Amino acid sequence: MNLPFQIDLSGETAVVTGGTGVIGGLYAEALAKCGAKVAVLGRNKEHAEEVLNRIREAGGTAIAVSANVLDKASLEAAREEILAAFGHINILVNCAGGAIKNAMIPEDQFSDLSEGMESFFTKDLGFVKQELDLNLYGTMLPTQVFGECLVGQENANIINISSMGAFGPLTRIPGYSSAKAGVSSFTEWAAIYFAKSGIRVNAVAPGFFMTPQNRHLHFNEDGTMTPRAEKIIRSTPMEKYGDPEDLVGGLLYLVSPKGSGFVTGVVLPIDGGFHIYQGV
């Protein structure tokens, strides 16, 4: 990874939940390149090895810690392990989250009640609850557990991951959009709540990014775009998908005490203009 610009995080410790995912792994690597010691959190330590190897090959310092963002005892154990290894924590990046396939509604708009037709009315909302828990509760609970460690620390920062679905609901994913709208609201609430403690709370809201994991959802086997992908490109003024590394600059800006020391409660879109475009 080539950083878009350099900031100095020497002597700082960052915790990245969902650190084995695309965004989490990228953010863990970027923070380490800036000098921070990084704890890569995930449910499976083995899945963190690739991230740790990239960090260590670049001369950084990182550990893998097993934790479930929906289990308070698990997070508390992770907190103690990190404090034992690094002594303090001053940056928390809440990257755990994502859409759950079984929570998706298969149509953009309701059509009819024909027998056998899957719709919102036939959806098992238990999957939607899982999506709400993972994205919203999975942001609030780590903030509660690790936030206490940030009080009194220099450059105390919490960065959450929102979404374009927070600016306006995206079709087919009501649970994910609702959860990310909640993340944005929680980010603003927490920014007010923690302001006098010295902790800044902000969020990044990614637009549509192309990764190996989601490529099959946007492109057919012959390389042509799916109808949904065509809608995405038409709705993005820059008329392209983002590259995951486009997300790094926003993170570095928000955790930089010199760059954003007076910035809190911001949800930063990184989306090629998707959130502002009305189609005309």
# chains A, B, ... in the order shown; residues from 1 in each chain; ligands from 1
>>> select_by_dssp(residues="range 89-195 of chain A", states="helix (DSSP H, G or I)", output="NGL selection string")
:A and (101-103 or 120-122 or 125-150 or 164-166 or 174-195)
>>> residues_around(residues="Leu254 in chain A", least_positions_apart="4", cutoff="9 Å", atoms="only C-alpha atoms", output="list in words")
Asn157, Ile159, Arg200, Val201, Asn202, Ala203, Val204, Gly249, Gly250, Gly259, Ser260, Gly261, Val263 and Thr264 of chain A
>>> select_by_dssp(residues="range 36-199 of chain A", states="strand (DSSP E or B)", output="ChimeraX atom specification")
/A:37-42,61-66,91-94,157-161
>>> write_last_selection(atoms="all heavy atoms", output="tab-separated table (two decimals), in the first residue's frame")
chain	number	residue	atom	x	y	z
A	37	LYS	N	0.87	1.29	16.83
A	37	LYS	CA	0.78	-0.13	17.12
A	37	LYS	C	-0.69	-0.51	16.95
A	37	LYS	O	-1.57	0.18	17.42
A	37	LYS	CB	1.26	-0.42	18.54
A	37	LYS	CG	2.73	-0.08	18.76
A	37	LYS	CD	3.12	-0.24	20.21
A	37	LYS	CE	4.59	0.14	20.42
A	37	LYS	NZ	4.99	0.04	21.85
A	38	VAL	N	-0.92	-1.63	16.27
A	38	VAL	CA	-2.29	-1.96	15.86
A	38	VAL	C	-2.72	-3.32	16.39
A	38	VAL	O	-1.99	-4.31	16.26
A	38	VAL	CB	-2.42	-1.94	14.32
A	38	VAL	CG1	-3.85	-2.29	13.90
A	38	VAL	CG2	-2.03	-0.58	13.76
A	39	ALA	N	-3.90	-3.35	16.98
A	39	ALA	CA	-4.54	-4.60	17.38
A	39	ALA	C	-5.62	-4.91	16.34
A	39	ALA	O	-6.57	-4.15	16.18
A	39	ALA	CB	-5.15	-4.49	18.76
A	40	VAL	N	-5.44	-6.02	15.63
A	40	VAL	CA	-6.38	-6.43	14.59
A	40	VAL	C	-7.38	-7.41	15.21
A	40	VAL	O	-7.03	-8.53	15.56
A	40	VAL	CB	-5.63	-7.11	13.42
A	40	VAL	CG1	-6.61	-7.55	12.34
A	40	VAL	CG2	-4.58	-6.18	12.83
A	41	LEU	N	-8.62	-6.95	15.37
A	41	LEU	CA	-9.64	-7.77	16.01
A	41	LEU	C	-10.49	-8.50	14.97
A	41	LEU	O	-10.91	-7.92	13.97
A	41	LEU	CB	-10.57	-6.91	16.88
A	41	LEU	CG	-10.21	-6.81	18.36
A	41	LEU	CD1	-8.88	-6.10	18.53
A	41	LEU	CD2	-11.31	-6.09	19.13
A	42	GLY	N	-10.73	-9.77	15.26
A	42	GLY	CA	-11.61	-10.57	14.43
A	42	GLY	C	-12.03	-11.80	15.21
A	42	GLY	O	-11.42	-12.14	16.23
A	61	THR	N	4.11	-2.72	13.68
A	61	THR	CA	3.87	-3.55	14.86
A	61	THR	C	2.38	-3.82	14.99
A	61	THR	O	1.57	-2.89	14.98
A	61	THR	CB	4.36	-2.84	16.13
A	61	THR	OG1	5.76	-2.58	16.01
A	61	THR	CG2	4.11	-3.71	17.37
A	62	ALA	N	2.02	-5.11	15.11
A	62	ALA	CA	0.61	-5.46	15.21
A	62	ALA	C	0.45	-6.80	15.90
A	62	ALA	O	1.36	-7.63	15.89
A	62	ALA	CB	-0.04	-5.51	13.83
A	63	ILE	N	-0.71	-6.98	16.51
A	63	ILE	CA	-1.08	-8.27	17.08
A	63	ILE	C	-2.49	-8.61	16.62
A	63	ILE	O	-3.27	-7.73	16.27
A	63	ILE	CB	-1.03	-8.27	18.63
A	63	ILE	CG1	-2.00	-7.20	19.20
A	63	ILE	CG2	0.38	-8.07	19.13
A	63	ILE	CD1	-2.14	-7.28	20.71
A	64	ALA	N	-2.78	-9.91	16.60
A	64	ALA	CA	-4.13	-10.37	16.30
A	64	ALA	C	-4.81	-10.74	17.60
A	64	ALA	O	-4.23	-11.39	18.46
A	64	ALA	CB	-4.07	-11.58	15.37
A	65	VAL	N	-6.06	-10.30	17.74
A	65	VAL	CA	-6.81	-10.56	18.96
A	65	VAL	C	-8.18	-11.09	18.57
A	65	VAL	O	-8.87	-10.51	17.72
A	65	VAL	CB	-6.98	-9.27	19.80
A	65	VAL	CG1	-7.75	-9.57	21.08
A	65	VAL	CG2	-5.61	-8.67	20.13
A	66	SER	N	-8.57	-12.20	19.18
A	66	SER	CA	-9.87	-12.79	18.90
A	66	SER	C	-10.94	-12.08	19.71
A	66	SER	O	-10.81	-11.91	20.93
A	66	SER	CB	-9.85	-14.28	19.26
A	66	SER	OG	-11.12	-14.86	19.05
A	91	ILE	N	-6.95	4.99	19.84
A	91	ILE	CA	-7.71	5.03	18.59
A	91	ILE	C	-8.55	3.76	18.48
A	91	ILE	O	-8.04	2.66	18.66
A	91	ILE	CB	-6.79	5.14	17.36
A	91	ILE	CG1	-6.00	6.46	17.38
A	91	ILE	CG2	-7.59	5.05	16.06
A	91	ILE	CD1	-4.94	6.55	16.29
A	92	LEU	N	-9.83	3.93	18.21
A	92	LEU	CA	-10.72	2.80	17.95
A	92	LEU	C	-11.35	2.99	16.58
A	92	LEU	O	-11.96	4.03	16.31
A	92	LEU	CB	-11.82	2.71	19.01
A	92	LEU	CG	-12.95	1.73	18.74
A	92	LEU	CD1	-12.43	0.29	18.71
A	92	LEU	CD2	-14.07	1.88	19.76
A	93	VAL	N	-11.21	2.00	15.72
A	93	VAL	CA	-11.83	2.03	14.40
A	93	VAL	C	-12.83	0.88	14.33
A	93	VAL	O	-12.44	-0.29	14.33
A	93	VAL	CB	-10.78	1.91	13.27
A	93	VAL	CG1	-11.46	2.10	11.91
A	93	VAL	CG2	-9.67	2.94	13.44
A	94	ASN	N	-14.11	1.21	14.26
A	94	ASN	CA	-15.17	0.21	14.25
A	94	ASN	C	-15.50	-0.20	12.82
A	94	ASN	O	-16.36	0.38	12.17
A	94	ASN	CB	-16.42	0.78	14.93
A	94	ASN	CG	-16.31	0.83	16.43
A	94	ASN	OD1	-15.94	-0.16	17.07
A	94	ASN	ND2	-16.62	1.98	17.02
A	157	ASN	N	-9.47	9.05	19.55
A	157	ASN	CA	-10.28	9.05	18.34
A	157	ASN	C	-11.13	7.81	18.23
A	157	ASN	O	-10.64	6.69	18.49
A	157	ASN	CB	-9.35	9.05	17.11
A	157	ASN	CG	-9.16	10.42	16.52
A	157	ASN	OD1	-10.04	10.90	15.80
A	157	ASN	ND2	-8.04	11.05	16.81
A	158	ILE	N	-12.36	7.97	17.79
A	158	ILE	CA	-13.20	6.84	17.39
A	158	ILE	C	-13.66	7.10	15.97
A	158	ILE	O	-14.18	8.18	15.66
A	158	ILE	CB	-14.42	6.67	18.32
A	158	ILE	CG1	-13.97	6.38	19.75
A	158	ILE	CG2	-15.33	5.55	17.81
A	158	ILE	CD1	-15.11	6.38	20.76
A	159	ILE	N	-13.45	6.12	15.09
A	159	ILE	CA	-13.88	6.22	13.70
A	159	ILE	C	-14.85	5.07	13.43
A	159	ILE	O	-14.52	3.90	13.63
A	159	ILE	CB	-12.68	6.11	12.72
A	159	ILE	CG1	-11.59	7.14	13.07
A	159	ILE	CG2	-13.18	6.29	11.28
A	159	ILE	CD1	-12.01	8.57	12.93
A	160	ASN	N	-16.04	5.41	12.98
A	160	ASN	CA	-17.05	4.41	12.62
A	160	ASN	C	-17.17	4.29	11.11
A	160	ASN	O	-16.71	5.16	10.37
A	160	ASN	CB	-18.40	4.79	13.24
A	160	ASN	CG	-18.35	4.83	14.76
A	160	ASN	OD1	-17.67	4.03	15.39
A	160	ASN	ND2	-19.09	5.77	15.35
A	161	ILE	N	-17.83	3.23	10.68
A	161	ILE	CA	-18.06	3.04	9.25
A	161	ILE	C	-19.55	3.12	8.96
A	161	ILE	O	-20.33	2.27	9.37
A	161	ILE	CB	-17.52	1.68	8.75
A	161	ILE	CG1	-16.05	1.52	9.11
A	161	ILE	CG2	-17.71	1.57	7.23
A	161	ILE	CD1	-15.12	2.55	8.52
>>> atom_distance(atom1="CA of Glu148 in chain A", atom2="CA of Gly97 in chain A")
21.8 Å
>>> residues_around(residues="Ala229 in chain A", least_positions_apart="6", cutoff="12 Å", atoms="only C-alpha atoms", output="compact mmCIF listing (two decimals) with N, CA, C and O atoms, in the first residue's frame")
# COMPACT_ATOMS: atom_id res chain seq x y z
N PHE A 208 -19.65 3.08 -3.47
CA PHE A 208 -19.56 1.74 -4.05
C PHE A 208 -18.12 1.48 -4.50
O PHE A 208 -17.55 2.21 -5.31
N PHE A 209 -17.56 0.41 -3.95
CA PHE A 209 -16.17 0.04 -4.21
C PHE A 209 -16.12 -1.36 -4.80
O PHE A 209 -16.87 -2.25 -4.40
N MET A 210 -15.19 -1.55 -5.71
CA MET A 210 -15.04 -2.85 -6.34
C MET A 210 -13.97 -3.66 -5.62
O MET A 210 -12.83 -3.20 -5.47
N ASN A 214 -16.97 -8.71 -3.99
CA ASN A 214 -18.30 -8.30 -4.48
C ASN A 214 -18.38 -8.18 -6.00
O ASN A 214 -19.43 -7.82 -6.53
N ARG A 215 -17.30 -8.49 -6.68
CA ARG A 215 -17.30 -8.30 -8.13
C ARG A 215 -18.41 -9.10 -8.81
O ARG A 215 -19.06 -8.62 -9.75
N HIS A 216 -18.65 -10.32 -8.33
CA HIS A 216 -19.66 -11.18 -8.96
C HIS A 216 -21.08 -10.62 -8.81
O HIS A 216 -21.98 -11.01 -9.55
N LEU A 217 -21.27 -9.70 -7.84
CA LEU A 217 -22.58 -9.09 -7.66
C LEU A 217 -22.84 -7.97 -8.66
O LEU A 217 -24.00 -7.59 -8.89
N HIS A 218 -21.78 -7.45 -9.24
CA HIS A 218 -21.91 -6.28 -10.11
C HIS A 218 -21.60 -6.56 -11.59
O HIS A 218 -21.95 -5.75 -12.44
N PHE A 219 -20.94 -7.68 -11.84
CA PHE A 219 -20.58 -8.00 -13.22
C PHE A 219 -20.97 -9.43 -13.56
O PHE A 219 -20.83 -10.34 -12.74
N ASN A 220 -21.45 -9.61 -14.77
CA ASN A 220 -21.78 -10.94 -15.27
C ASN A 220 -20.49 -11.68 -15.64
O ASN A 220 -19.41 -11.09 -15.71
N GLY A 223 -18.32 -10.23 -18.27
CA GLY A 223 -17.70 -8.94 -18.01
C GLY A 223 -18.64 -7.75 -18.13
O GLY A 223 -18.25 -6.62 -17.81
N SER A 235 -25.76 6.69 -11.15
CA SER A 235 -26.03 7.52 -9.99
C SER A 235 -24.77 8.09 -9.34
O SER A 235 -24.86 8.80 -8.34
N THR A 236 -23.63 7.77 -9.88
CA THR A 236 -22.35 8.26 -9.36
C THR A 236 -21.78 9.28 -10.34
O THR A 236 -21.37 8.91 -11.45
N GLU A 239 -18.88 8.46 -12.31
CA GLU A 239 -19.14 7.35 -13.24
C GLU A 239 -18.11 6.22 -13.14
O GLU A 239 -17.64 5.70 -14.15
N LYS A 240 -17.82 5.84 -11.92
CA LYS A 240 -16.91 4.71 -11.71
C LYS A 240 -17.07 4.19 -10.29
O LYS A 240 -17.63 4.86 -9.42
N TYR A 241 -16.55 3.00 -10.07
CA TYR A 241 -16.45 2.46 -8.72
C TYR A 241 -15.17 3.00 -8.07
O TYR A 241 -14.20 3.33 -8.77
>>> closest_residue(among="A:Leu75, A:Met104, A:Leu113, A:Ala14", to="Gly87 in chain A", atoms="only C-alpha atoms")
A:Ala14
>>> closest_residue(among="A:Leu136, A:Val145, A:Ile100, A:Ile55", to="Arg172 in chain A", atoms="only C-alpha atoms")
A:Ile100
>>> closest_residue(among="A:Val183, A:Leu9, A:Ile270, A:Leu3", to="Asn155 in chain A", atoms="only C-alpha atoms")
A:Leu9
>>> closest_residue(among="A:Asp222, A:Ala191, A:Met164, A:Thr171", to="Tyr277 in chain A", atoms="only C-alpha atoms")
A:Met164
>>> residues_around(residues="Leu170 in chain A", least_positions_apart="4", cutoff="12 Å", atoms="only C-alpha atoms", output="list in words")
Ala99, Met104, Ile105, Glu107, Asp108, Gln109, Ser163, Met164, Gly165, Ala166, Pro174, Gly175, Tyr176, Ser177, Ser178, Ala179, Lys180, Ala181, Gly207, Phe208, Arg228, Lys231, Ile232, Ser235, Phe274 and His275 of chain A
>>> write_last_selection(atoms="C-alpha atoms", output="PDB file, in the first residue's frame")
ATOM      1  CA  ALA A  99     -24.698  -6.778   4.615  1.00  0.00           C
ATOM      2  CA  MET A 104     -31.872  -8.837   1.169  1.00  0.00           C
ATOM      3  CA  ILE A 105     -35.257  -8.214  -0.454  1.00  0.00           C
ATOM      4  CA  GLU A 107     -36.934  -6.712  -5.719  1.00  0.00           C
ATOM      5  CA  ASP A 108     -36.504  -2.935  -5.855  1.00  0.00           C
ATOM      6  CA  GLN A 109     -40.232  -2.294  -5.479  1.00  0.00           C
ATOM      7  CA  SER A 163     -22.620   3.948   4.298  1.00  0.00           C
ATOM      8  CA  MET A 164     -24.441   5.583   1.413  1.00  0.00           C
ATOM      9  CA  GLY A 165     -27.475   3.776   2.801  1.00  0.00           C
ATOM     10  CA  ALA A 166     -27.368   6.191   5.733  1.00  0.00           C
ATOM     11  CA  PRO A 174     -33.611  -2.197   4.374  1.00  0.00           C
ATOM     12  CA  GLY A 175     -31.822  -3.733   7.352  1.00  0.00           C
ATOM     13  CA  TYR A 176     -28.369  -2.607   6.252  1.00  0.00           C
ATOM     14  CA  SER A 177     -29.555   0.898   5.351  1.00  0.00           C
ATOM     15  CA  SER A 178     -31.394   1.235   8.669  1.00  0.00           C
ATOM     16  CA  ALA A 179     -28.367  -0.011  10.602  1.00  0.00           C
ATOM     17  CA  LYS A 180     -25.953   2.368   8.891  1.00  0.00           C
ATOM     18  CA  ALA A 181     -28.338   5.298   9.406  1.00  0.00           C
ATOM     19  CA  GLY A 207     -19.830   4.666  -1.666  1.00  0.00           C
ATOM     20  CA  PHE A 208     -19.555   1.737  -4.052  1.00  0.00           C
ATOM     21  CA  ARG A 228     -27.908  -2.946 -10.541  1.00  0.00           C
ATOM     22  CA  LYS A 231     -27.818   1.981 -11.871  1.00  0.00           C
ATOM     23  CA  ILE A 232     -24.886   2.551  -9.516  1.00  0.00           C
ATOM     24  CA  SER A 235     -26.034   7.520  -9.986  1.00  0.00           C
ATOM     25  CA  PHE A 274     -23.235   9.433  -5.107  1.00  0.00           C
ATOM     26  CA  HIS A 275     -24.822  10.976  -1.987  1.00  0.00           C
TER      27      HIS A 275
END
>>> atom_distance(atom1="CA of Asp71 in chain A", atom2="CA of Phe186 in chain A")
19.1 Å
>>> residues_around(residues="Phe5 in chain A", least_positions_apart="5", cutoff="10 Å", atoms="only C-alpha atoms", output="list in words")
Cys34, Val248, Gly249, Leu252 and Tyr253 of chain A
>>> atom_distance(atom1="CA of Ala36 in chain A", atom2="CA of Thr17 in chain A")
15.3 Å
>>> closest_residue(among="A:Gly60, A:Phe110, A:Leu31, A:Val16", to="Ile82 in chain A", atoms="only C-alpha atoms")
A:Val16
>>> closest_residue(among="A:Gly24, A:Gly18, A:Pro206, A:Gly59", to="Arg43 in chain A", atoms="only C-alpha atoms")
A:Gly18
